[in-house]
Amino acid sequence: MKRVLLLICSVLSVGLLAALIPYSSSQLQPSIASVPQPIAVDPFVLRGLQNQYKGLKKQLSQFIPHQPYILVDTARNHLYVKRSQEIVLDAIASTGSGVVLDKPGEGNTQWVFDTPRGEFSVQSKLTHPAWVKPDWAFIEEGLLVPKNPADRVEQGVLGDYALGFGKGYFIHGTLYTRLLGKNVTHGCIRLNDDDLKSVYQLARVGTPIMIF
Amino acid sequence: MPVSIIFAAVLLLAVPGWAAEGDVFSDLDMNNPSALQEASRVLEEELKLAARPQTYLLVDLASGAIQIKARGVDLHRLPIAAWTATGLPRLSGTFRLTTRPSVIRRKIDPSATTEQEPISLSDMPTEYRLSFTPAMTIDVESSTEEGAMGWIRATSQKAWKQLRAWRQRLAGVPSSGEAPMISLTLSSEQAQSLAWSTVDGMPVVIRRPSEP
């Protein structure tokens with residue numbers, strides 16, 4: 001019994017020691033903070049490194065949009081309009097539900113109702129948009145897809161404005177304002193009427209939309 | 001209109017409208033040559049990534065945060081509670097995400113009367129592995145306990161992993177190709193946020209800590 005206990009203790013001790021071997025955050029802090037070592041640095045070399053860093057930082061800053069840009073947090077369903085670091089507008093949104101729908105007659109293919117992540121830009125600005133219902137809008141309700149294109153058009157469900165950002169995705173209004181703040185859409189980004197109007201006024205064609 | 005005002009206006013228009021640079025690395029010691037070199041290396045990688053319309057991750061081990069970025073803009077920041085790493089010298093360059101945690105998506109049944117529950121942040125895993133090319137892995141763990149219990153749990157997990165690695169090495173089992181590996185401990189919500197925000201092929205840059 002004693003031997004077993006001794007063995008367990010030894011294994012645990014070795015394990016604890018071993019845990020400290022890989023480079024870690026907890027190991028790093030004391031080594032930097034508590035053991036300052038005087039290092040002779042050539043001031044000329046140091047200045048060169050500082051200038052290189054500052055130059056690169058400046059180069060990177062040139063990519064930062066200096067006009068307002070749209071930021072969408074799909075996890076928390078928020079849309080922000082930002083100018084540099086300043087938040088110009090903070091709006092509760094609805095983004096993609098992430099659910100899937102089988103495409104009938106196409107084997108194992110599916111529609112995935114996600115809001116795409118990445119960087120996009122405003123490609124179109126519409127007033128009083130009509131919704132041209134895609135196939136999935138009928139199929140998910142168990143309806144037949146109409147043959148006449150006019151039967152796909154629905155007025156008044158997208159609000160007063162819509163901002164397209166490619167592949168059929170839009171920032172638009174909603175009749176279901178009680179669902180704002182939830183992941184319920186087919187990939188578009190919904191806002192209430194007032195926020196939608198503000199976004200429409202602040203954004204131009206080409207305004208970056210960053211979605212994560 | 002006075003000529004000086006016109007001249008000033010022309011000058012203002014001619015100067016590129018840089019957004020506020022902000023603190024790229026607010027923790028950076030400008031008198032530490034190795035820290036400056038590492039920060040410059042990361043900025044050089046970021047310059048390549050920020051030039052394209054995409055989101056990317058900066059895993060900043062030096063300041064203890066993961067940043068979701070696009071165009072050099074810090075979109076969202078996830079604090080790292082603790083980390084360990086092996087193969088730090090090889091964690092340079094840009095890595096691309098090849099494997100991320102899978103999510104069980106609910107399927108719409110057109111014949112059903114009830115709507116499918118959407119996917120939300122709480123559906124995301126809290127413990128998972130992200131794999132990259134060139135070969136590198138990031139293991140994400142969540143910590144719910146704080147204080148002494150949290151420390152004991154984290155340390156015993158680290159010890160167990162190290163013991164397992166030693167056992168494999170002694171048994172001649174090839175480890176995962178000696179590829180660099182980072183183990184991150186995040187809060188549950190931050191771990192889920194990271195899983196939510198990752199997309200296939202997402203570029204990742206690591207900023208390593210440096211000795212004074």
# chains A, B, ... in the order shown; residues from 1 in each chain; ligands from 1
>>> residues_around(residues="A:Val41", least_positions_apart="2", cutoff="9 Å", atoms="only C-alpha atoms", output="list in words")
Ile39, Pro43, Phe44, Val45 and Leu46 of chain A; Asn31, Asn32 and Pro33 of chain B
>>> closest_residue(among="A:Leu180, A:Ala162, A:Ile139, A:Ala93", to="chain B", atoms="only C-alpha atoms")
A:Ile139
>>> select_by_dssp(residues="stretch 30-113 of chain A", states="alpha helix (DSSP H)", output="list in words")
Pro30, Ser31, Ile32, Ala33, Pro43, Phe44, Val45, Leu46, Arg47, Gly48, Leu49, Gln50, Asn51, Gln52, Tyr53, Lys54, Gly55, Leu56, Lys57, Lys58, Gln59, Leu60 and Ser61 of chain A
>>> residues_around(residues="A:Gln52", least_positions_apart="6", cutoff="9 Å", atoms="only C-alpha atoms", output="PyMOL selection string")
chain B and resi 36-37+40
>>> write_last_selection(atoms="N, CA, C and O atoms", output="tab-separated table (two decimals), in the first residue's frame")
chain	number	residue	atom	x	y	z
B	36	LEU	N	10.48	44.47	-30.08
B	36	LEU	CA	10.27	45.31	-31.27
B	36	LEU	C	10.37	44.48	-32.55
B	36	LEU	O	9.57	44.65	-33.47
B	37	GLN	N	11.35	43.59	-32.57
B	37	GLN	CA	11.52	42.73	-33.76
B	37	GLN	C	10.30	41.85	-33.97
B	37	GLN	O	9.81	41.68	-35.08
B	40	SER	N	7.34	43.90	-35.15
B	40	SER	CA	7.51	44.26	-36.57
B	40	SER	C	7.23	43.07	-37.47
B	40	SER	O	6.62	43.22	-38.53
>>> select_by_dssp(residues="stretch 78-192 of chain A", states="strand (DSSP E)", output="PyMOL selection string")
chain A and resi 78-83+86-92+95-96+100-102+110-112+118-121+124-127+130-132+153-155+161-164+170-172+183-185+189-190
>>> residues_around(residues="stretch 156-159 of chain A", least_positions_apart="2", cutoff="6 Å", atoms="only C-alpha atoms", output="list in words")
Tyr161, His172, Gly173 and Thr174 of chain A
>>> residues_around(residues="stretch 55-70 of chain B", least_positions_apart="3", cutoff="8 Å", atoms="only C-alpha atoms", output="tab-separated table (two decimals) with C-alpha atoms, in the first residue's frame")
chain	number	residue	atom	x	y	z
A	25	SER	CA	1.90	32.42	-19.65
A	117	ARG	CA	-18.47	36.04	-42.15
A	118	GLY	CA	-15.67	38.13	-43.60
A	119	GLU	CA	-15.28	41.50	-45.24
A	210	MET	CA	-17.05	43.53	-41.64
A	212	PHE	CA	-17.68	38.12	-37.62
B	25	PHE	CA	0.46	46.68	-29.31
B	27	ASP	CA	1.95	46.47	-24.06
B	49	LEU	CA	-3.54	40.08	-44.66
B	50	ALA	CA	-5.04	43.56	-44.26
B	73	VAL	CA	-9.06	47.03	-37.44
B	74	ASP	CA	-9.55	45.24	-34.14
B	75	LEU	CA	-13.14	43.94	-34.54
B	76	HIS	CA	-13.38	41.90	-31.37
B	77	ARG	CA	-11.04	40.91	-28.57
B	78	LEU	CA	-11.10	37.68	-26.52
B	79	PRO	CA	-8.95	37.62	-23.38
B	80	ILE	CA	-6.74	34.56	-22.83
B	81	ALA	CA	-6.82	33.30	-19.23
B	82	ALA	CA	-3.72	31.11	-19.60
B	83	TRP	CA	-1.66	29.48	-22.31
B	202	MET	CA	-9.09	31.83	-41.91
B	203	PRO	CA	-5.56	33.21	-41.60
B	204	VAL	CA	-3.93	33.33	-38.17
B	205	VAL	CA	-0.83	35.17	-37.02
B	206	ILE	CA	0.82	34.51	-33.65
B	207	ARG	CA	2.61	37.17	-31.65
B	208	ARG	CA	5.12	35.47	-29.36
B	209	PRO	CA	6.34	36.83	-26.05
B	210	SER	CA	9.91	37.98	-25.92
